[in-house]
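Only one structure is covered here, and it is reproduced in the block below.
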Amino acid sequence: MSITGIKGMNDILPGEVETWQHLEQLARDIFSTYGYAEVRVPVVEKTELFCRSIGEATDIVEKEMYTFSDKSNNSLTLRPEGTAPVMRSFIQHKMHTLDPVSRLYYMGPMFRYERPQKGRYRQFHQIGAEVIGIDSPLIDAQVLVMLSHFFDAAGIKDVSLQINSLGCPECRPGYRQMLIDFLSPKRETLCADCQRRIDTNPLRVLDCKVPTCKEATAKAPSILDGLCEGCNDHFTAVQKHLKQVGTDYSINPRMVRGLDYYTKTTFEMVTENLGAQSAVAAGGRYDGLIQSLGGPAQPGIGFAIGLERLVLLRGDNRITLPRPDLFIAALGDEARDLAFPLMTSLLTKGFKIDMDFSGKSLKSQLRRADKLQARKVLIVGEGELADGNAPLRDMDNATQKTVSLTRLATELEKLLTEG
Ligand code: ATP
Ligand code: MG
């Protein structure tokens, strides 16, 4: 029996990979315009990093991590997200001493042990961005503007930006208690996970997708009513700046995010087209995170975009590969001996050239040229070799020119450049 890949981990095949490359390049171009530099961190980190940053009582740490012991009995984890590794790297390399503001982006695979379904996989990919060192709500707004800019440029229309504020260590505990008081009498009506969450992570109950939990929390107090003055002013300013530049958003006071490190502004880019997998991108501010990991007291904010969901949203909108400039149909050894160096020299000049490598018939070579959608086809057989001239067909307008075999390279270069 042949060996198959691992459940929930996908191959990205030619035909789809062009879309991925396009989206990745778009992110590189846009993010670098806004001043972000790429950082590449390993896919494996010490388990402790994720437990300490994401939080013990979160879905990720409780049940989704790929954790294993290496041969020296160190507990390692395949990264479930990118923020914690990037912050680990920021601290380890003392990046704040090089520049008071760091704007970083990353892209690559993440791993979570989840039940695979459309838009939810065990190896998936994120493109993420982080800004460290700025408190001002201006940067929250700019991060959201950049995220919207990216979605616009990617041609994705059916998404909307939702924002919320999760408060800070000053005001969140008060809200948390209010929520516990509200939820406790309803304990019996909640799902088993949420019954546990009342004690471990009550805010997460608001995010539960089970209908009876949604119903039970419909009238829950809003976190926005419990913000302290500082958090309230910050959130108001973020909205002011979004309005200034015409970035659309709506406020969703029930959006709590699944990671413990968020403070103040949080947000999601959501869609109605992917069923329960409604978030295509998500992020927020994480002012205490760097310090809690042993780094300097620096504020941060960032987001991650799920690439698989982004690709699904683009639907059949595929990127087409560039067509070959020329296919050389060579018949016989002598013709191939002429074609091979010709092809090589044109390839090194940047033309996209292909030929037959296995001695196929003229008919089958022409079929191949057609399939590749070659712009031009050069036919070289015994007759052409004897004659010293070969026909060059233009496949788009069905015209033909004769080129001299002795001046083939220069003539072809000229004709291909002319288009
Ligand atoms: P969800 O609520 O769908 O589980 P999440 O809150 O766990 O999402 P984040 O940790 O915020 O997601 O990750 C950011 C983005 O990464 C998500 O918005 C989504 O697009 C993508 N993502 C997260 N988990 C998966 C997964 N298992 N498969 C594919 N994409 C994912
Ligand atoms: Mg999740």
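Following the order of the structure tokens, first chain is A, next is B, and so on, with residues numbered from 1 inside each chain and ligands from 1 in the order they appear.
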
| said: 9 Å from ligand 1 is the threshold here; counting only C-alpha atoms and all ligand atoms, which polymer residues fall inside it? Answer as an MDAnalysis selection string. | reply: chainID A and resid 8 59:60 64 80:81 110:128 207 257:259 268:270 276:283 303:310

Keeping only C-alpha atoms, write the selected residues to a file as a PDB file, in the first residue's frame.
ATOM      1  CA  GLY A   8      -5.503  17.479   8.018  1.00  0.00           C
ATOM      2  CA  ASP A  59      -8.411  25.823  23.425  1.00  0.00           C
ATOM      3  CA  ILE A  60      -4.975  25.900  21.839  1.00  0.00           C
ATOM      4  CA  GLU A  64      -4.741  21.640  20.102  1.00  0.00           C
ATOM      5  CA  PRO A  80       0.316  26.767  16.811  1.00  0.00           C
ATOM      6  CA  GLU A  81       0.664  30.484  16.050  1.00  0.00           C
ATOM      7  CA  MET A 110       1.237  26.526  11.928  1.00  0.00           C
ATOM      8  CA  PHE A 111       0.051  23.320  13.583  1.00  0.00           C
ATOM      9  CA  ARG A 112      -3.039  22.600  15.650  1.00  0.00           C
ATOM     10  CA  TYR A 113      -4.596  19.265  16.458  1.00  0.00           C
ATOM     11  CA  GLU A 114      -8.152  20.124  15.407  1.00  0.00           C
ATOM     12  CA  ARG A 115     -10.937  18.170  13.690  1.00  0.00           C
ATOM     13  CA  PRO A 116     -10.181  18.692  10.004  1.00  0.00           C
ATOM     14  CA  GLN A 117     -12.972  20.231   7.921  1.00  0.00           C
ATOM     15  CA  LYS A 118     -13.303  22.865   5.229  1.00  0.00           C
ATOM     16  CA  GLY A 119     -11.159  25.820   6.307  1.00  0.00           C
ATOM     17  CA  ARG A 120      -9.808  24.010   9.386  1.00  0.00           C
ATOM     18  CA  TYR A 121      -6.702  21.879   9.111  1.00  0.00           C
ATOM     19  CA  ARG A 122      -3.927  20.471  11.278  1.00  0.00           C
ATOM     20  CA  GLN A 123      -1.192  22.124   9.301  1.00  0.00           C
ATOM     21  CA  PHE A 124      -2.341  25.512   8.063  1.00  0.00           C
ATOM     22  CA  HIS A 125      -0.594  28.705   7.054  1.00  0.00           C
ATOM     23  CA  GLN A 126      -0.614  32.217   8.374  1.00  0.00           C
ATOM     24  CA  ILE A 127       0.699  35.548   7.225  1.00  0.00           C
ATOM     25  CA  GLY A 128       1.110  37.737  10.256  1.00  0.00           C
ATOM     26  CA  ASP A 207     -17.305  32.946  21.862  1.00  0.00           C
ATOM     27  CA  ARG A 257     -10.437  36.019  20.967  1.00  0.00           C
ATOM     28  CA  GLY A 258      -9.047  32.681  22.091  1.00  0.00           C
ATOM     29  CA  LEU A 259      -5.668  33.758  23.393  1.00  0.00           C
ATOM     30  CA  GLU A 268     -11.334  39.933  13.263  1.00  0.00           C
ATOM     31  CA  MET A 269     -11.855  39.983   9.532  1.00  0.00           C
ATOM     32  CA  VAL A 270     -14.967  37.831   9.160  1.00  0.00           C
ATOM     33  CA  ALA A 276     -18.469  28.099  11.061  1.00  0.00           C
ATOM     34  CA  GLN A 277     -14.947  29.063   9.965  1.00  0.00           C
ATOM     35  CA  SER A 278     -15.935  32.712   9.874  1.00  0.00           C
ATOM     36  CA  ALA A 279     -12.661  34.397  10.854  1.00  0.00           C
ATOM     37  CA  VAL A 280     -10.185  34.856   8.012  1.00  0.00           C
ATOM     38  CA  ALA A 281      -7.835  37.061   9.995  1.00  0.00           C
ATOM     39  CA  ALA A 282      -7.624  37.971  13.637  1.00  0.00           C
ATOM     40  CA  GLY A 283      -5.493  39.931  16.012  1.00  0.00           C
ATOM     41  CA  PHE A 303      -2.668  40.035  13.450  1.00  0.00           C
ATOM     42  CA  ALA A 304      -2.555  36.758  11.569  1.00  0.00           C
ATOM     43  CA  ILE A 305      -4.331  35.960   8.309  1.00  0.00           C
ATOM     44  CA  GLY A 306      -5.300  32.340   7.600  1.00  0.00           C
ATOM     45  CA  LEU A 307      -4.044  31.599   4.104  1.00  0.00           C
ATOM     46  CA  GLU A 308      -6.203  28.510   3.452  1.00  0.00           C
ATOM     47  CA  ARG A 309      -9.354  30.479   4.250  1.00  0.00           C
ATOM     48  CA  LEU A 310      -8.152  33.357   2.104  1.00  0.00           C
TER      49      LEU A 310
END

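Taking the backbone of this structure through DSSP, the residues of range 199-287 of chain A that come out as strand (DSSP E or B) are Ser250, Ile251, Thr263, Lys264, Thr265, Thr266, Phe267, Glu268, Met269, Val270, Ala279, Val280, Ala281, Ala282, Gly283, Gly284 and Arg285 of chain A.
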
| Atom-to-atom span, CA of Met395 in chain A and CA of Gln21 in chain A, Å | 28.6 Å

Selection near range 136-148 of chain A, 7 Å with only C-alpha atoms, sequence-local residues under 4 positions removed, as an mmCIF file with N, CA, C and O atoms, in the first residue's frame:
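Result went into result.cif, see below:
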data_model
loop_
_atom_site.group_PDB
_atom_site.id
_atom_site.type_symbol
_atom_site.label_atom_id
_atom_site.label_comp_id
_atom_site.auth_asym_id
_atom_site.auth_seq_id
_atom_site.Cartn_x
_atom_site.Cartn_y
_atom_site.Cartn_z
ATOM 1 N N ASP A 152 -8.359 44.223 0.265
ATOM 2 C CA ASP A 152 -8.806 44.916 -0.960
ATOM 3 C C ASP A 152 -7.930 44.507 -2.131
ATOM 4 O O ASP A 152 -8.403 44.147 -3.198
ATOM 5 N N HIS A 234 -8.840 55.086 24.472
ATOM 6 C CA HIS A 234 -8.029 54.430 23.435
ATOM 7 C C HIS A 234 -8.941 53.890 22.330
ATOM 8 O O HIS A 234 -8.720 54.138 21.136
ATOM 9 N N ALA A 237 -10.475 56.569 20.226
ATOM 10 C CA ALA A 237 -9.501 57.173 19.304
ATOM 11 C C ALA A 237 -9.246 56.258 18.101
ATOM 12 O O ALA A 237 -9.136 56.735 16.971
ATOM 13 N N VAL A 238 -9.167 54.952 18.345
ATOM 14 C CA VAL A 238 -8.969 54.017 17.227
ATOM 15 C C VAL A 238 -10.092 54.214 16.213
ATOM 16 O O VAL A 238 -9.864 54.329 15.002
ATOM 17 N N HIS A 241 -9.797 57.448 14.173
ATOM 18 C CA HIS A 241 -8.810 57.386 13.091
ATOM 19 C C HIS A 241 -9.285 56.497 11.932
ATOM 20 O O HIS A 241 -8.982 56.772 10.777
ATOM 21 N N LEU A 242 -10.012 55.437 12.242
ATOM 22 C CA LEU A 242 -10.542 54.593 11.162
ATOM 23 C C LEU A 242 -11.527 55.403 10.319
ATOM 24 O O LEU A 242 -11.531 55.309 9.089
ATOM 25 N N THR A 247 -11.956 53.657 6.653
ATOM 26 C CA THR A 247 -11.889 52.190 6.767
ATOM 27 C C THR A 247 -13.151 51.697 7.482
ATOM 28 O O THR A 247 -13.422 52.094 8.607
#

| message | What's the separation between CA of Ser364 in chain A and CA of Lys352 in chain A, in Å to one decimal place? | response | 20.1 Å

| query | as a VMD selection string, which residues of range 5-122 of chain A does DSSP assign to alpha helix (DSSP H)? | reply | chain A and resid 17 to 33 47 to 54 59 83 to 92

| task | Can you pull out every residue within 7 Å of Gly388 in chain A, counting only C-alpha atoms, but drop anything in the same chain fewer than 3 positions away, and send it as a list in words? | result |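 Using only C-alpha atoms, the neighbours found are Glu384, Leu385, Ser404 and Leu405 of chain A.
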
| Atomic separation - CA of Pro85 in chain A relative to CA of Val39 in chain A, Å | 10.2 Å

| request: Fewer than 4 positions away in the same chain doesn't count, so skip those; otherwise give me all residues within 8 Å of Leu412 in chain A, counting only C-alpha atoms, as a list in words. | output: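 The neighbour list is Val403, Leu408 and Leu416 of chain A.
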
Output of the above residues as a PDB file, in the first residue's frame, restricted to N, CA, C and O atoms:
ATOM      1  N   VAL A 403      12.760  31.250 -40.660  1.00  0.00           N
ATOM      2  CA  VAL A 403      14.002  31.757 -40.065  1.00  0.00           C
ATOM      3  C   VAL A 403      15.184  30.912 -40.538  1.00  0.00           C
ATOM      4  O   VAL A 403      15.048  29.704 -40.732  1.00  0.00           O
ATOM      5  N   LEU A 408      19.882  31.443 -36.342  1.00  0.00           N
ATOM      6  CA  LEU A 408      18.699  31.127 -35.553  1.00  0.00           C
ATOM      7  C   LEU A 408      18.622  31.880 -34.223  1.00  0.00           C
ATOM      8  O   LEU A 408      17.605  32.515 -33.913  1.00  0.00           O
ATOM      9  N   LEU A 416      11.277  37.060 -30.764  1.00  0.00           N
ATOM     10  CA  LEU A 416      10.614  36.847 -29.483  1.00  0.00           C
ATOM     11  C   LEU A 416      10.493  38.157 -28.712  1.00  0.00           C
ATOM     12  O   LEU A 416       9.514  38.398 -28.017  1.00  0.00           O
TER      13      LEU A 416
END

| field | Among the residues A:Ala374, A:Asp225, A:Glu130, A:Ile54, the one that comes closest to ligand 2 [using only C-alpha atoms and all ligand atoms] | value |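 Of A:Ala374, A:Asp225, A:Glu130, A:Ile54, the one nearest ligand 2, counting only C-alpha atoms and all ligand atoms, is A:Ile54.
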